[in-house]
Every structure is written in structure tokens, then in C-alpha cells.
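> Below is coords_31.csv; it holds CSV, C-alpha atoms.
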chain,number,residue,atom,x,y,z
A,1,MET,CA,-13.5,-8.9,17.3
A,2,ALA,CA,-9.9,-8.4,17.8
A,3,SER,CA,-10.5,-5.9,20.5
A,4,GLU,CA,-11.6,-8.7,22.8
A,5,LYS,CA,-7.9,-9.6,22.8
A,6,GLY,CA,-6.6,-6.0,23.1
A,7,LEU,CA,-5.6,-3.1,21.0
A,8,GLY,CA,-3.8,-4.9,18.2
A,9,MET,CA,-6.2,-5.0,15.3
A,10,VAL,CA,-6.7,-7.4,12.5
A,11,HIS,CA,-6.8,-5.9,9.0
A,12,VAL,CA,-7.8,-7.7,5.8
A,13,TYR,CA,-6.8,-6.5,2.4
A,14,THR,CA,-8.6,-8.4,-0.3
A,15,GLY,CA,-10.1,-8.0,-3.7
A,16,ASN,CA,-8.9,-8.3,-7.3
A,17,GLY,CA,-7.3,-4.9,-7.5
A,18,LYS,CA,-3.8,-3.6,-7.0
A,19,GLY,CA,-2.3,-2.6,-3.7
A,20,LYS,CA,-2.9,-5.4,-1.3
A,21,THR,CA,0.7,-6.3,-0.7
A,22,THR,CA,2.0,-2.8,-1.3
A,23,ALA,CA,-0.5,-1.3,1.2
A,24,SER,CA,0.7,-3.8,3.8
A,25,ILE,CA,4.3,-2.9,3.0
A,26,GLY,CA,3.4,0.8,3.3
A,27,LEU,CA,1.8,0.2,6.6
A,28,GLY,CA,4.8,-1.7,7.7
A,29,LEU,CA,7.1,1.1,6.6
A,30,ARG,CA,4.9,3.6,8.5
A,31,ALA,CA,5.0,1.5,11.6
A,32,SER,CA,8.8,1.0,11.4
A,33,GLY,CA,9.1,4.7,11.2
A,34,HIS,CA,7.6,4.9,14.7
A,35,GLY,CA,10.0,2.3,15.9
A,36,PHE,CA,7.7,-0.7,15.7
A,37,ARG,CA,9.0,-4.1,14.7
A,38,VAL,CA,7.5,-5.4,11.5
A,39,LEU,CA,7.6,-8.9,10.1
A,40,MET,CA,6.1,-9.8,6.7
A,41,ILE,CA,5.8,-13.5,5.9
A,42,GLN,CA,5.1,-14.0,2.2
A,43,PHE,CA,3.2,-17.1,1.3
A,44,MET,CA,3.4,-18.6,-2.2
A,45,LYS,CA,6.1,-16.2,-3.2
A,46,GLY,CA,9.8,-17.2,-3.5
A,47,ASP,CA,11.4,-14.9,-5.9
A,48,ILE,CA,14.2,-12.6,-5.0
A,49,LYS,CA,13.3,-10.2,-7.9
A,50,TYR,CA,10.7,-8.5,-5.7
A,51,GLY,CA,11.9,-5.0,-5.1
A,52,GLU,CA,10.6,-4.8,-1.6
A,53,LEU,CA,13.1,-7.5,-0.4
A,54,GLU,CA,16.0,-5.3,-1.4
A,55,ALA,CA,14.5,-2.0,-0.2
A,56,VAL,CA,13.6,-3.2,3.3
A,57,LYS,CA,17.2,-4.2,4.0
A,58,ASN,CA,17.7,-0.5,4.6
A,59,ILE,CA,15.0,-0.3,7.1
A,60,PRO,CA,15.6,-1.1,10.7
A,61,ASN,CA,13.1,-3.5,12.3
A,62,PHE,CA,11.4,-4.5,9.0
A,63,GLU,CA,12.0,-8.0,7.9
A,64,ILE,CA,10.4,-9.9,4.9
A,65,ILE,CA,10.7,-13.7,4.7
A,66,GLN,CA,9.4,-15.7,1.7
A,67,PHE,CA,7.9,-19.1,2.0
A,68,GLY,CA,7.3,-20.2,-1.6
A,69,ARG,CA,8.8,-20.9,-5.0
A,70,PRO,CA,9.1,-18.6,-8.0
A,71,ASP,CA,6.6,-20.8,-9.8
A,72,PHE,CA,2.9,-20.5,-9.7
A,73,VAL,CA,1.1,-23.0,-7.5
A,74,ASP,CA,-1.4,-25.2,-9.3
A,75,LYS,CA,-4.6,-24.6,-7.4
A,76,ASP,CA,-6.2,-28.0,-8.2
A,77,ASN,CA,-3.0,-30.0,-7.7
A,78,PRO,CA,-0.4,-28.2,-5.6
A,79,ALA,CA,3.0,-29.8,-5.4
A,80,GLN,CA,4.0,-31.3,-2.0
A,81,ILE,CA,6.8,-28.7,-1.8
A,82,ASP,CA,4.2,-25.9,-2.1
A,83,ILE,CA,2.2,-27.3,0.8
A,84,ASP,CA,5.4,-27.9,2.8
A,85,LEU,CA,6.6,-24.3,2.3
A,86,ALA,CA,3.2,-22.8,3.2
A,87,ARG,CA,3.2,-25.0,6.4
A,88,LYS,CA,6.7,-23.7,7.2
A,89,GLY,CA,5.5,-20.2,6.8
A,90,LEU,CA,2.6,-20.8,9.1
A,91,GLU,CA,5.0,-22.3,11.6
A,92,HIS,CA,7.1,-19.2,11.4
A,93,ALA,CA,4.1,-17.1,12.0
A,94,ARG,CA,3.1,-19.2,15.0
A,95,THR,CA,6.5,-18.8,16.5
A,96,ALA,CA,6.6,-15.1,15.9
A,97,VAL,CA,3.3,-14.7,17.7
A,98,GLU,CA,4.3,-17.0,20.6
A,99,LYS,CA,7.5,-15.2,21.1
A,100,GLY,CA,6.0,-11.8,20.4
A,101,ILE,CA,8.9,-10.8,18.1
A,102,ALA,CA,6.9,-8.4,16.0
A,103,ASP,CA,4.5,-5.5,16.7
A,104,VAL,CA,3.1,-5.7,13.2
A,105,LEU,CA,2.8,-9.2,11.6
A,106,ILE,CA,1.8,-9.3,7.9
A,107,LEU,CA,0.8,-12.6,6.4
A,108,ASP,CA,1.0,-11.8,2.8
A,109,GLU,CA,-1.1,-13.9,0.4
A,110,ILE,CA,-2.4,-16.0,3.3
A,111,ASN,CA,-5.9,-15.6,1.9
A,112,VAL,CA,-4.8,-17.3,-1.3
A,113,ALA,CA,-2.9,-20.0,0.6
A,114,VAL,CA,-6.2,-20.9,2.4
A,115,GLU,CA,-8.2,-20.8,-0.8
A,116,TRP,CA,-5.7,-23.1,-2.4
A,117,LYS,CA,-6.0,-25.3,0.7
A,118,LEU,CA,-2.2,-25.2,1.4
A,119,VAL,CA,-3.2,-24.3,5.0
A,120,SER,CA,-6.6,-24.1,6.7
A,121,ALA,CA,-8.5,-21.0,7.8
A,122,GLN,CA,-8.8,-22.4,11.3
A,123,GLU,CA,-5.0,-22.8,11.7
A,124,VAL,CA,-4.6,-19.1,10.8
A,125,LEU,CA,-7.4,-18.1,13.1
A,126,ASP,CA,-5.8,-19.9,16.0
A,127,ILE,CA,-2.6,-17.9,15.5
A,128,VAL,CA,-4.4,-14.6,15.1
A,129,LYS,CA,-6.4,-15.2,18.2
A,130,SER,CA,-3.4,-16.1,20.3
A,131,ARG,CA,-1.4,-13.0,19.4
A,132,PRO,CA,-0.1,-10.6,22.1
A,133,LYS,CA,-2.7,-8.0,22.8
A,134,ASN,CA,-0.8,-5.2,21.0
A,135,MET,CA,0.2,-7.1,18.0
A,136,GLU,CA,-1.3,-5.8,14.7
A,137,ILE,CA,-2.0,-8.5,12.1
A,138,ILE,CA,-2.6,-7.9,8.4
A,139,LEU,CA,-3.9,-10.7,6.2
A,140,THR,CA,-3.7,-10.1,2.5
A,141,GLY,CA,-4.7,-11.7,-0.8
A,142,ARG,CA,-7.7,-12.3,-3.0
A,143,TYR,CA,-10.4,-14.6,-1.8
A,144,ALA,CA,-10.3,-13.7,1.9
A,145,PRO,CA,-12.3,-16.4,3.7
A,146,ARG,CA,-15.4,-15.5,5.5
A,147,GLU,CA,-13.8,-16.4,8.9
A,148,PHE,CA,-11.1,-13.8,8.3
A,149,ILE,CA,-13.6,-11.1,7.4
A,150,ASP,CA,-15.6,-11.9,10.5
A,151,ILE,CA,-12.7,-11.7,12.9
A,152,ALA,CA,-11.2,-8.6,11.2
A,153,ASP,CA,-11.5,-5.0,12.6
A,154,THR,CA,-11.0,-3.5,9.2
A,155,VAL,CA,-11.6,-5.1,5.8
A,156,THR,CA,-10.6,-3.3,2.6
A,157,GLU,CA,-11.5,-4.6,-0.8
A,158,MET,CA,-9.0,-3.4,-3.5
A,159,LYS,CA,-11.3,-3.3,-6.4
A,160,GLU,CA,-10.0,-3.2,-10.0
A,161,VAL,CA,-11.8,-0.5,-11.9
A,162,LYS,CA,-9.4,-0.4,-14.9
A,163,HIS,CA,-6.5,-2.7,-15.7
A,164,PRO,CA,-3.6,-2.4,-18.2
A,165,TYR,CA,-3.2,-6.1,-19.0
A,166,MET,CA,-6.2,-5.8,-21.2
A,167,LYS,CA,-4.0,-3.7,-23.3
A,168,GLY,CA,-1.4,-6.5,-23.5
A,169,ILE,CA,1.1,-4.8,-21.1
A,170,MET,CA,3.0,-7.2,-19.0
A,171,ALA,CA,4.0,-7.0,-15.3
A,172,ARG,CA,6.9,-4.6,-15.0
A,173,LYS,CA,9.8,-4.3,-12.6
A,174,GLY,CA,9.4,-1.8,-9.8
A,175,VAL,CA,5.6,-1.7,-10.1
A,176,GLU,CA,4.1,-5.1,-10.1
A,177,TYR,CA,7.0,-6.8,-8.4
B,1,MET,CA,-4.1,6.6,-22.3
B,2,ALA,CA,-0.7,7.0,-20.8
B,3,SER,CA,0.8,4.6,-23.3
B,4,GLU,CA,0.4,7.1,-26.0
B,5,LYS,CA,3.3,8.9,-24.2
B,6,GLY,CA,5.3,5.8,-23.5
B,7,LEU,CA,5.7,3.1,-21.0
B,8,GLY,CA,5.3,5.1,-17.8
B,9,MET,CA,1.8,4.4,-16.6
B,10,VAL,CA,-0.7,6.4,-14.6
B,11,HIS,CA,-2.3,4.7,-11.6
B,12,VAL,CA,-5.2,6.0,-9.5
B,13,TYR,CA,-5.9,4.8,-6.0
B,14,THR,CA,-9.2,6.0,-4.8
B,15,GLY,CA,-12.2,5.0,-2.7
B,16,ASN,CA,-13.2,5.3,0.9
B,17,GLY,CA,-11.1,2.4,2.2
B,18,LYS,CA,-7.7,2.1,3.7
B,19,GLY,CA,-4.5,1.6,1.7
B,20,LYS,CA,-4.4,4.4,-0.8
B,21,THR,CA,-1.4,6.2,0.6
B,22,THR,CA,0.3,3.1,1.9
B,23,ALA,CA,-0.1,1.2,-1.4
B,24,SER,CA,1.7,4.1,-3.1
B,25,ILE,CA,4.4,4.1,-0.5
B,26,GLY,CA,4.7,0.3,-0.9
B,27,LEU,CA,4.9,0.7,-4.7
B,28,GLY,CA,7.6,3.4,-4.1
B,29,LEU,CA,9.5,1.1,-1.8
B,30,ARG,CA,9.4,-1.7,-4.3
B,31,ALA,CA,10.5,0.6,-7.1
B,32,SER,CA,13.3,2.0,-5.0
B,33,GLY,CA,14.5,-1.6,-4.4
B,34,HIS,CA,15.1,-1.8,-8.1
B,35,GLY,CA,17.1,1.4,-8.1
B,36,PHE,CA,14.3,3.7,-9.4
B,37,ARG,CA,14.1,7.2,-8.0
B,38,VAL,CA,10.8,7.9,-6.2
B,39,LEU,CA,9.3,11.2,-5.2
B,40,MET,CA,6.1,11.4,-3.2
B,41,ILE,CA,4.5,14.9,-2.9
B,42,GLN,CA,1.9,14.9,-0.2
B,43,PHE,CA,-0.9,17.4,-0.6
B,44,MET,CA,-3.0,18.7,2.3
B,45,LYS,CA,-0.6,16.9,4.8
B,46,GLY,CA,1.9,18.8,6.9
B,47,ASP,CA,2.5,16.7,9.9
B,48,ILE,CA,5.9,15.3,10.8
B,49,LYS,CA,4.2,12.6,12.9
B,50,TYR,CA,3.6,10.4,9.8
B,51,GLY,CA,5.8,7.4,10.2
B,52,GLU,CA,6.7,7.1,6.5
B,53,LEU,CA,8.6,10.4,6.7
B,54,GLU,CA,11.0,8.9,9.2
B,55,ALA,CA,11.2,5.5,7.6
B,56,VAL,CA,12.1,6.7,4.1
B,57,LYS,CA,15.1,8.6,5.4
B,58,ASN,CA,16.7,5.1,5.4
B,59,ILE,CA,15.9,4.4,1.8
B,60,PRO,CA,18.1,5.7,-1.0
B,61,ASN,CA,16.2,7.5,-3.8
B,62,PHE,CA,12.9,7.8,-2.0
B,63,GLU,CA,11.9,11.3,-1.0
B,64,ILE,CA,8.6,12.5,0.6
B,65,ILE,CA,7.8,16.2,0.7
B,66,GLN,CA,4.7,17.6,2.3
B,67,PHE,CA,2.8,20.6,1.1
B,68,GLY,CA,0.1,21.2,3.7
B,69,ARG,CA,-0.6,22.0,7.4
B,70,PRO,CA,-1.3,19.6,10.2
B,71,ASP,CA,-4.9,21.0,10.4
B,72,PHE,CA,-7.8,19.8,8.3
B,73,VAL,CA,-8.7,21.9,5.3
B,74,ASP,CA,-12.2,23.4,5.4
B,75,LYS,CA,-13.7,22.2,2.1
B,76,ASP,CA,-16.3,24.9,1.8
B,77,ASN,CA,-13.9,27.7,2.9
B,78,PRO,CA,-10.2,26.7,2.5
B,79,ALA,CA,-7.7,29.1,4.0
B,80,GLN,CA,-5.5,31.0,1.6
B,81,ILE,CA,-2.5,29.2,3.1
B,82,ASP,CA,-4.0,25.9,2.1
B,83,ILE,CA,-4.5,27.0,-1.4
B,84,ASP,CA,-1.0,28.5,-1.5
B,85,LEU,CA,0.6,25.3,-0.2
B,86,ALA,CA,-1.3,23.1,-2.7
B,87,ARG,CA,-0.2,25.4,-5.5
B,88,LYS,CA,3.4,25.1,-4.3
B,89,GLY,CA,3.1,21.3,-4.3
B,90,LEU,CA,1.8,21.4,-7.8
B,91,GLU,CA,4.7,23.7,-8.8
B,92,HIS,CA,7.1,21.2,-7.3
B,93,ALA,CA,5.4,18.4,-9.3
B,94,ARG,CA,5.7,20.4,-12.5
B,95,THR,CA,9.4,21.0,-11.9
B,96,ALA,CA,10.0,17.3,-11.1
B,97,VAL,CA,8.3,16.3,-14.4
B,98,GLU,CA,10.1,19.0,-16.4
B,99,LYS,CA,13.5,18.0,-15.0
B,100,GLY,CA,12.7,14.3,-15.0
B,101,ILE,CA,14.1,14.0,-11.5
B,102,ALA,CA,12.0,11.0,-10.6
B,103,ASP,CA,11.1,7.6,-12.2
B,104,VAL,CA,8.0,7.3,-10.0
B,105,LEU,CA,6.1,10.4,-9.0
B,106,ILE,CA,3.4,10.0,-6.4
B,107,LEU,CA,0.9,12.9,-5.9
B,108,ASP,CA,-0.6,11.8,-2.6
B,109,GLU,CA,-4.1,13.2,-1.9
B,110,ILE,CA,-4.1,15.1,-5.1
B,111,ASN,CA,-7.6,13.8,-5.8
B,112,VAL,CA,-8.9,15.5,-2.7
B,113,ALA,CA,-7.0,18.7,-3.4
B,114,VAL,CA,-8.9,18.8,-6.7
B,115,GLU,CA,-12.2,18.0,-5.1
B,116,TRP,CA,-11.6,20.7,-2.5
B,117,LYS,CA,-10.7,23.1,-5.5
B,118,LEU,CA,-7.3,23.9,-4.1
B,119,VAL,CA,-6.0,23.0,-7.6
B,120,SER,CA,-7.7,22.2,-10.8
B,121,ALA,CA,-7.9,18.8,-12.5
B,122,GLN,CA,-6.7,20.4,-15.7
B,123,GLU,CA,-3.5,21.6,-14.2
B,124,VAL,CA,-2.8,18.1,-12.9
B,125,LEU,CA,-3.6,16.6,-16.3
B,126,ASP,CA,-1.2,19.0,-18.0
B,127,ILE,CA,1.6,17.8,-15.7
B,128,VAL,CA,0.7,14.2,-16.2
B,129,LYS,CA,0.6,14.4,-19.9
B,130,SER,CA,3.9,16.2,-20.1
B,131,ARG,CA,5.9,13.6,-18.1
B,132,PRO,CA,8.9,11.9,-19.5
B,133,LYS,CA,7.8,8.7,-21.3
B,134,ASN,CA,9.1,6.3,-18.6
B,135,MET,CA,7.9,8.2,-15.6
B,136,GLU,CA,5.2,6.4,-13.6
B,137,ILE,CA,2.7,8.6,-11.9
B,138,ILE,CA,0.4,7.6,-9.0
B,139,LEU,CA,-2.6,9.8,-8.1
B,140,THR,CA,-4.2,9.0,-4.7
B,141,GLY,CA,-7.1,10.1,-2.6
B,142,ARG,CA,-10.8,9.8,-2.4
B,143,TYR,CA,-13.0,11.5,-5.0
B,144,ALA,CA,-10.8,10.8,-8.0
B,145,PRO,CA,-12.1,13.1,-10.7
B,146,ARG,CA,-13.5,11.6,-13.9
B,147,GLU,CA,-10.6,13.1,-15.9
B,148,PHE,CA,-8.1,11.2,-13.9
B,149,ILE,CA,-9.9,7.9,-14.3
B,150,ASP,CA,-10.1,8.5,-18.0
B,151,ILE,CA,-6.4,9.1,-18.4
B,152,ALA,CA,-5.3,6.4,-16.0
B,153,ASP,CA,-3.9,3.0,-17.1
B,154,THR,CA,-5.0,1.4,-13.8
B,155,VAL,CA,-7.7,2.5,-11.4
B,156,THR,CA,-8.1,0.8,-8.0
B,157,GLU,CA,-10.9,1.5,-5.7
B,158,MET,CA,-10.0,0.8,-2.1
B,159,LYS,CA,-13.4,0.0,-0.7
B,160,GLU,CA,-14.2,0.0,3.0
B,161,VAL,CA,-16.0,-3.2,3.9
B,162,LYS,CA,-15.5,-3.0,7.6
B,163,HIS,CA,-14.2,-0.1,9.7
B,164,PRO,CA,-13.2,0.2,13.3
B,165,TYR,CA,-14.1,3.8,13.9
B,166,MET,CA,-17.7,2.6,14.2
B,167,LYS,CA,-16.4,0.9,17.4
B,168,GLY,CA,-15.1,4.3,18.7
B,169,ILE,CA,-11.4,3.4,18.1
B,170,MET,CA,-9.4,6.4,17.1
B,171,ALA,CA,-6.6,6.7,14.5
B,172,ARG,CA,-3.4,5.1,16.0
B,173,LYS,CA,0.3,5.7,15.5
B,174,GLY,CA,2.0,3.4,13.1
B,175,VAL,CA,-1.1,2.3,11.4
B,176,GLU,CA,-3.2,5.2,10.3
B,177,TYR,CA,-0.3,7.7,10.3
Show me this structure written as C-alpha cells.

Amino acid sequence: MASEKGLGMVHVYTGNGKGKTTASIGLGLRASGHGFRVLMIQFMKGDIKYGELEAVKNIPNFEIIQFGRPDFVDKDNPAQIDIDLARKGLEHARTAVEKGIADVLILDEINVAVEWKLVSAQEVLDIVKSRPKNMEIILTGRYAPREFIDIADTVTEMKEVKHPYMKGIMARKGVEY
Amino acid sequence: MASEKGLGMVHVYTGNGKGKTTASIGLGLRASGHGFRVLMIQFMKGDIKYGELEAVKNIPNFEIIQFGRPDFVDKDNPAQIDIDLARKGLEHARTAVEKGIADVLILDEINVAVEWKLVSAQEVLDIVKSRPKNMEIILTGRYAPREFIDIADTVTEMKEVKHPYMKGIMARKGVEY
């Protein structure tokens, strides 16, 4: 339970549906509107085409940093650079927690980074548990590990009920990225 | 199918979990980062304490308008003012669609407004179907009516797996509003 450490909760957004990253961005936007400092660390993403990167430049106290490459990571055989980048992202998260430089810390796609074995669940848990008592942490991505679900205060599964790719429509600018 | 009208898709975010409104805000932010014009019409909400209202002031081309009161609407016996406000919101949506003043139109909590019978599903469908072919529409809220699910290109159910209110923790600034 996060509450053993204080008021800052741990949220998990997982599942195969839309809205995991965007919900955490929306939560970040909401928090920033109240004057909270928001830091989103994106794992396994390294592509400037993401619209949120441009948009948050206009928002005080909302920073997004990417630790990844534009290419997809090969689950069964990740490149060393992918592992190195994920580790750098984790290091950045650890520093943010140690220095308390954010009120809301979003580790975007961290669930996938763990599932892909770029970082371990235990390393993430250690960071989560050591957070300042009012720091809110959001862990996103499919395949949330059991340990994250156990420690979380809220867990939401974004469940795909209907999907357009079945119709052959590709990811589009401004919606999917 | 929305695609019969063009590329602009219809998304539904429903379910009892977190992230329906925030995911649509995040999608709006993302779209605004690409230069698209975003309009969010919030039904059954009329409270300036929502952090997103403050935050989007910093974002070009992202507007949020509320049509509701701070108080909860009584489902079994809605006040006339609640019905009037919802109808005004729908009127605003219709005008936005007719004039094509947005690329992304979010009707936040419209599913609930229909379930509460403040507006009818058919009225909403008429607006959705008459949209410009590139206009993206997002319909949010619990209790998405069957008609919305049928017309939608994507439907995501935000499913609550774990919730803190069971622990007696109330809604908090910057996270739940």
C-alpha cells in the first residue's frame, strides 16, 4: 500500500486498450493546472513526432523526457542501446525521486520495459517505495507485473472492446501519436 | 461506421475505471501539439476547480467549455436547470459540427447525460453523423449506450481493478479533478 508511505498514491494504467498514456498525460495536465510539478519519463519511446512533446512546451511545470529510440524494441533480443536507454530512464526516475523534483511522476511504458526485461520490477519498486510521501506515481503500459498491481492504490485496465486496425486503418497523427 | 463519412473516427471511452476524461484530454493535448483544433464540451460538470480548465489556457487551439453545475445531478429527478444546461451543451456541439470549428470534438460525460435522460442518444447520433469528414469525435462517460458503441470505430472500457475509495480516501485535487 502506498499509503504506508503517505498520501502520494500509485496508479497503474494497463490493458490492451487505448488511453493509458493519454490518461496519464491528462492527469498530468490536470495536476499542472493546480500548480503541481509533473514529470513524465517515457520508456521505449524516442520519437519527436509525438504531439504531446510539442504541446507540453506550453505548459508550465510539465516536462516529458524520452528514453528510447523511434524503432520498436525486439522483445526476444533487445539491442544493447535499448537496454542502456531504459536504464538511463530509470536512473533519471531515481534522481527525480531522490531530489523530489516532481509532485507527479509518470513512468510511461515502464510496464512494458519490465516485461521486455530491459529493467527489473524490483528496481522500479525500490524507486516507488522511496518516493517523497506526497509524490504521486503513475505506471503505464500493457503487461503490468503483479508486483506493481499489488503495490498500487488504483489499477485501471484499459480494455479494447472495438478497434479500427481490424479495418486496416493505420495509426494517425494527433490521435495515436 | 464512422469511416462511411470519412477519416474522422468516433471513439468511446466508457467503464467504471479512471482515465476516461483524462484520456480524452491527453488525446486533445496530443492533437493540439500537431496543430489540430480541439474542443471539449463537458456535460454535467460546472466547477472551475477542475485543473484541466486552468491548464488548457496555456495551450493554443484547445478549449474546454462546461455545461453543468457543481452539484451532482439527481438521476431519478433531474432539475430543470440540469436538463437546460445539457441541452445547451448539445446545441453548442451541433453548432461546432455545423461550422466545423474543431478537428477534435470531445463530448465529455455525454454517455452519462444520455443515461440520465438529459439528452437522447438519437440527438447525439445525429450530430455525430453530420460531422465534417475529418472531424474526430470522442464520447466519454460510464454507461455508453449501445447506439454509441455500434457507431464507434474504437471503444475502450476503463475497468476498475483496484480503487482507493474502499480505503476511505477522498477525491483529491490534481488527480481526480
> In Å to one decimal, how far is CA of Gly46 (chain A) from CA of Met40 (chain B)?
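Interatomic distance here is 28.8 Å.
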> Please, which residues in chain A fall within 9 Å of chain B when counting only C-alpha atoms, and what is the closest atom pair and distance in Å to one decimal for each, ordered by chain then residue number, as a Markdown table?

| residue | atom | partner | partner_atom | distance |
| --- | --- | --- | --- | --- |
| A:Met9 | CA | B:Pro164 | CA | 8.9 |
| A:Tyr13 | CA | B:Gly19 | CA | 8.4 |
| A:Gly15 | CA | B:Met158 | CA | 8.9 |
| A:Gly17 | CA | B:Thr156 | CA | 5.8 |
| A:Lys18 | CA | B:Thr156 | CA | 6.2 |
| A:Gly19 | CA | B:Ala23 | CA | 5.0 |
| A:Lys20 | CA | B:Ala23 | CA | 7.2 |
| A:Thr21 | CA | B:Ala23 | CA | 7.6 |
| A:Thr22 | CA | B:Gly26 | CA | 4.1 |
| A:Ala23 | CA | B:Ala23 | CA | 3.6 |
| A:Ser24 | CA | B:Thr22 | CA | 7.2 |
| A:Ile25 | CA | B:Gly26 | CA | 5.1 |
| A:Gly26 | CA | B:Thr22 | CA | 4.1 |
| A:Leu27 | CA | B:Thr22 | CA | 5.7 |
| A:Gly28 | CA | B:Gly174 | CA | 7.9 |
| A:Leu29 | CA | B:Glu52 | CA | 6.0 |
| A:Arg30 | CA | B:Gly51 | CA | 4.3 |
| A:Ala31 | CA | B:Gly174 | CA | 3.9 |
| A:Ser32 | CA | B:Ala55 | CA | 6.4 |
| A:Gly33 | CA | B:Ala55 | CA | 4.2 |
| A:His34 | CA | B:Gly51 | CA | 5.5 |
| A:Gly35 | CA | B:Gly174 | CA | 8.5 |
| A:Phe36 | CA | B:Gly174 | CA | 7.5 |
| A:Lys49 | CA | B:His34 | CA | 8.6 |
| A:Tyr50 | CA | B:Arg30 | CA | 7.1 |
| A:Gly51 | CA | B:Arg30 | CA | 4.2 |
| A:Glu52 | CA | B:Arg30 | CA | 4.3 |
| A:Leu53 | CA | B:Gly33 | CA | 7.3 |
| A:Glu54 | CA | B:Gly33 | CA | 5.0 |
| A:Ala55 | CA | B:Gly33 | CA | 4.2 |
| A:Val56 | CA | B:Leu29 | CA | 7.8 |
| A:Lys57 | CA | B:Ile59 | CA | 9.0 |
| A:Asn58 | CA | B:Asn58 | CA | 5.7 |
| A:Ile59 | CA | B:Asn58 | CA | 5.9 |
| A:Pro60 | CA | B:Asn58 | CA | 8.2 |
| A:Glu136 | CA | B:Val175 | CA | 8.7 |
| A:Ile149 | CA | B:Lys162 | CA | 8.3 |
| A:Ala152 | CA | B:Lys162 | CA | 7.9 |
| A:Asp153 | CA | B:Pro164 | CA | 5.5 |
| A:Thr154 | CA | B:His163 | CA | 4.7 |
| A:Val155 | CA | B:Lys162 | CA | 4.8 |
| A:Thr156 | CA | B:Glu160 | CA | 4.9 |
| A:Glu157 | CA | B:Lys159 | CA | 5.0 |
| A:Met158 | CA | B:Met158 | CA | 4.5 |
| A:Lys159 | CA | B:Glu157 | CA | 4.9 |
| A:Glu160 | CA | B:Thr156 | CA | 4.9 |
| A:Val161 | CA | B:Val155 | CA | 5.1 |
| A:Lys162 | CA | B:Val155 | CA | 4.9 |
| A:His163 | CA | B:Thr154 | CA | 4.8 |
| A:Pro164 | CA | B:Asp153 | CA | 5.5 |
| A:Lys173 | CA | B:His34 | CA | 7.4 |
| A:Gly174 | CA | B:Ala31 | CA | 3.8 |
| A:Val175 | CA | B:Leu27 | CA | 6.0 |
| A:Glu176 | CA | B:Leu27 | CA | 8.0 |
| A:Tyr177 | CA | B:Arg30 | CA | 7.0 |
> I'd like the interatomic distance between CA of Phe67 (chain B) and CA of Val124 (chain B), to a tenth of an Å.
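Interatomic distance here is 15.3 Å.
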> Enter the distance from CA of Glu109 (chain B) to CA of Asn61 (chain B), in Å, rounded to one decimal.
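So the two atoms, CA of Glu109 (chain B) and CA of Asn61 (chain B), lie 21.2 Å apart.
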> Give me, as a VMD selection string, all polymer residues having an atom no more than 8 Å from Asp82 (chain A), counting all atoms listed in the file and skipping those fewer than 2 positions away in the same chain.
chain A and resid 44 68 to 69 73 78 to 80 84 to 86 118
> Please determine, counting only C-alpha atoms, which residue among B:Leu125, B:Ala171, B:Val112, B:Val97 has the shortest atom-to-atom distance to Gln42 (chain B).
B:Val112
> Return the single residue from A:Lys75, A:Arg87, A:Arg131, A:Arg142 that is closest to Ala102 (chain A), with distances computed using all atoms listed in the file.
A:Arg131
> Would it be fine to have region 2-54 of chain A, with C-alpha atoms, given as an mmCIF file, in the first residue's frame?

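Just written: result.cif:
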data_model
loop_
_atom_site.group_PDB
_atom_site.id
_atom_site.type_symbol
_atom_site.label_atom_id
_atom_site.label_comp_id
_atom_site.auth_asym_id
_atom_site.auth_seq_id
_atom_site.Cartn_x
_atom_site.Cartn_y
_atom_site.Cartn_z
ATOM 1 C CA ALA A 2 1.296 3.379 -0.985
ATOM 2 C CA SER A 3 -0.492 4.958 1.916
ATOM 3 C CA GLU A 4 2.004 3.408 4.280
ATOM 4 C CA LYS A 5 4.441 5.918 2.801
ATOM 5 C CA GLY A 6 1.997 8.853 2.805
ATOM 6 C CA LEU A 7 -0.664 10.483 0.670
ATOM 7 C CA GLY A 8 1.002 10.168 -2.701
ATOM 8 C CA MET A 9 -0.657 7.301 -4.457
ATOM 9 C CA VAL A 10 0.481 4.816 -7.028
ATOM 10 C CA HIS A 11 -1.690 4.357 -10.098
ATOM 11 C CA VAL A 12 -1.356 1.675 -12.724
ATOM 12 C CA TYR A 13 -2.850 2.033 -16.203
ATOM 13 C CA THR A 14 -2.631 -1.227 -18.072
ATOM 14 C CA GLY A 15 -4.516 -3.382 -20.566
ATOM 15 C CA ASN A 16 -4.659 -3.674 -24.330
ATOM 16 C CA GLY A 17 -6.940 -0.690 -24.950
ATOM 17 C CA LYS A 18 -6.363 2.939 -25.787
ATOM 18 C CA GLY A 19 -5.821 5.679 -23.265
ATOM 19 C CA LYS A 20 -3.020 4.536 -20.985
ATOM 20 C CA THR A 21 -0.504 7.190 -21.983
ATOM 21 C CA THR A 22 -3.130 9.806 -22.776
ATOM 22 C CA ALA A 23 -4.870 9.304 -19.408
ATOM 23 C CA SER A 24 -1.577 9.870 -17.635
ATOM 24 C CA ILE A 25 -0.945 12.970 -19.755
ATOM 25 C CA GLY A 26 -4.448 14.191 -18.931
ATOM 26 C CA LEU A 27 -3.832 13.578 -15.253
ATOM 27 C CA GLY A 28 -0.544 15.448 -15.585
ATOM 28 C CA LEU A 29 -2.283 18.349 -17.295
ATOM 29 C CA ARG A 30 -4.910 18.434 -14.573
ATOM 30 C CA ALA A 31 -2.252 18.397 -11.867
ATOM 31 C CA SER A 32 -0.241 21.107 -13.608
ATOM 32 C CA GLY A 33 -3.364 23.243 -13.655
ATOM 33 C CA HIS A 34 -3.303 23.159 -9.875
ATOM 34 C CA GLY A 35 0.347 24.173 -9.829
ATOM 35 C CA PHE A 36 1.842 20.728 -9.265
ATOM 36 C CA ARG A 37 5.108 19.813 -10.983
ATOM 37 C CA VAL A 38 4.717 16.947 -13.415
ATOM 38 C CA LEU A 39 7.475 14.822 -14.909
ATOM 39 C CA MET A 40 6.742 12.132 -17.478
ATOM 40 C CA ILE A 41 9.555 9.744 -18.328
ATOM 41 C CA GLN A 42 8.771 7.767 -21.453
ATOM 42 C CA PHE A 43 10.424 4.387 -21.824
ATOM 43 C CA MET A 44 10.927 2.692 -25.181
ATOM 44 C CA LYS A 45 9.807 5.839 -26.999
ATOM 45 C CA GLY A 46 12.181 8.182 -28.749
ATOM 46 C CA ASP A 47 10.296 9.876 -31.469
ATOM 47 C CA ILE A 48 9.765 13.602 -31.644
ATOM 48 C CA LYS A 49 6.632 13.153 -33.712
ATOM 49 C CA TYR A 50 4.564 12.578 -30.558
ATOM 50 C CA GLY A 51 2.179 15.523 -30.324
ATOM 51 C CA GLU A 52 2.336 15.685 -26.551
ATOM 52 C CA LEU A 53 6.018 16.687 -26.675
ATOM 53 C CA GLU A 54 5.172 19.827 -28.593
#
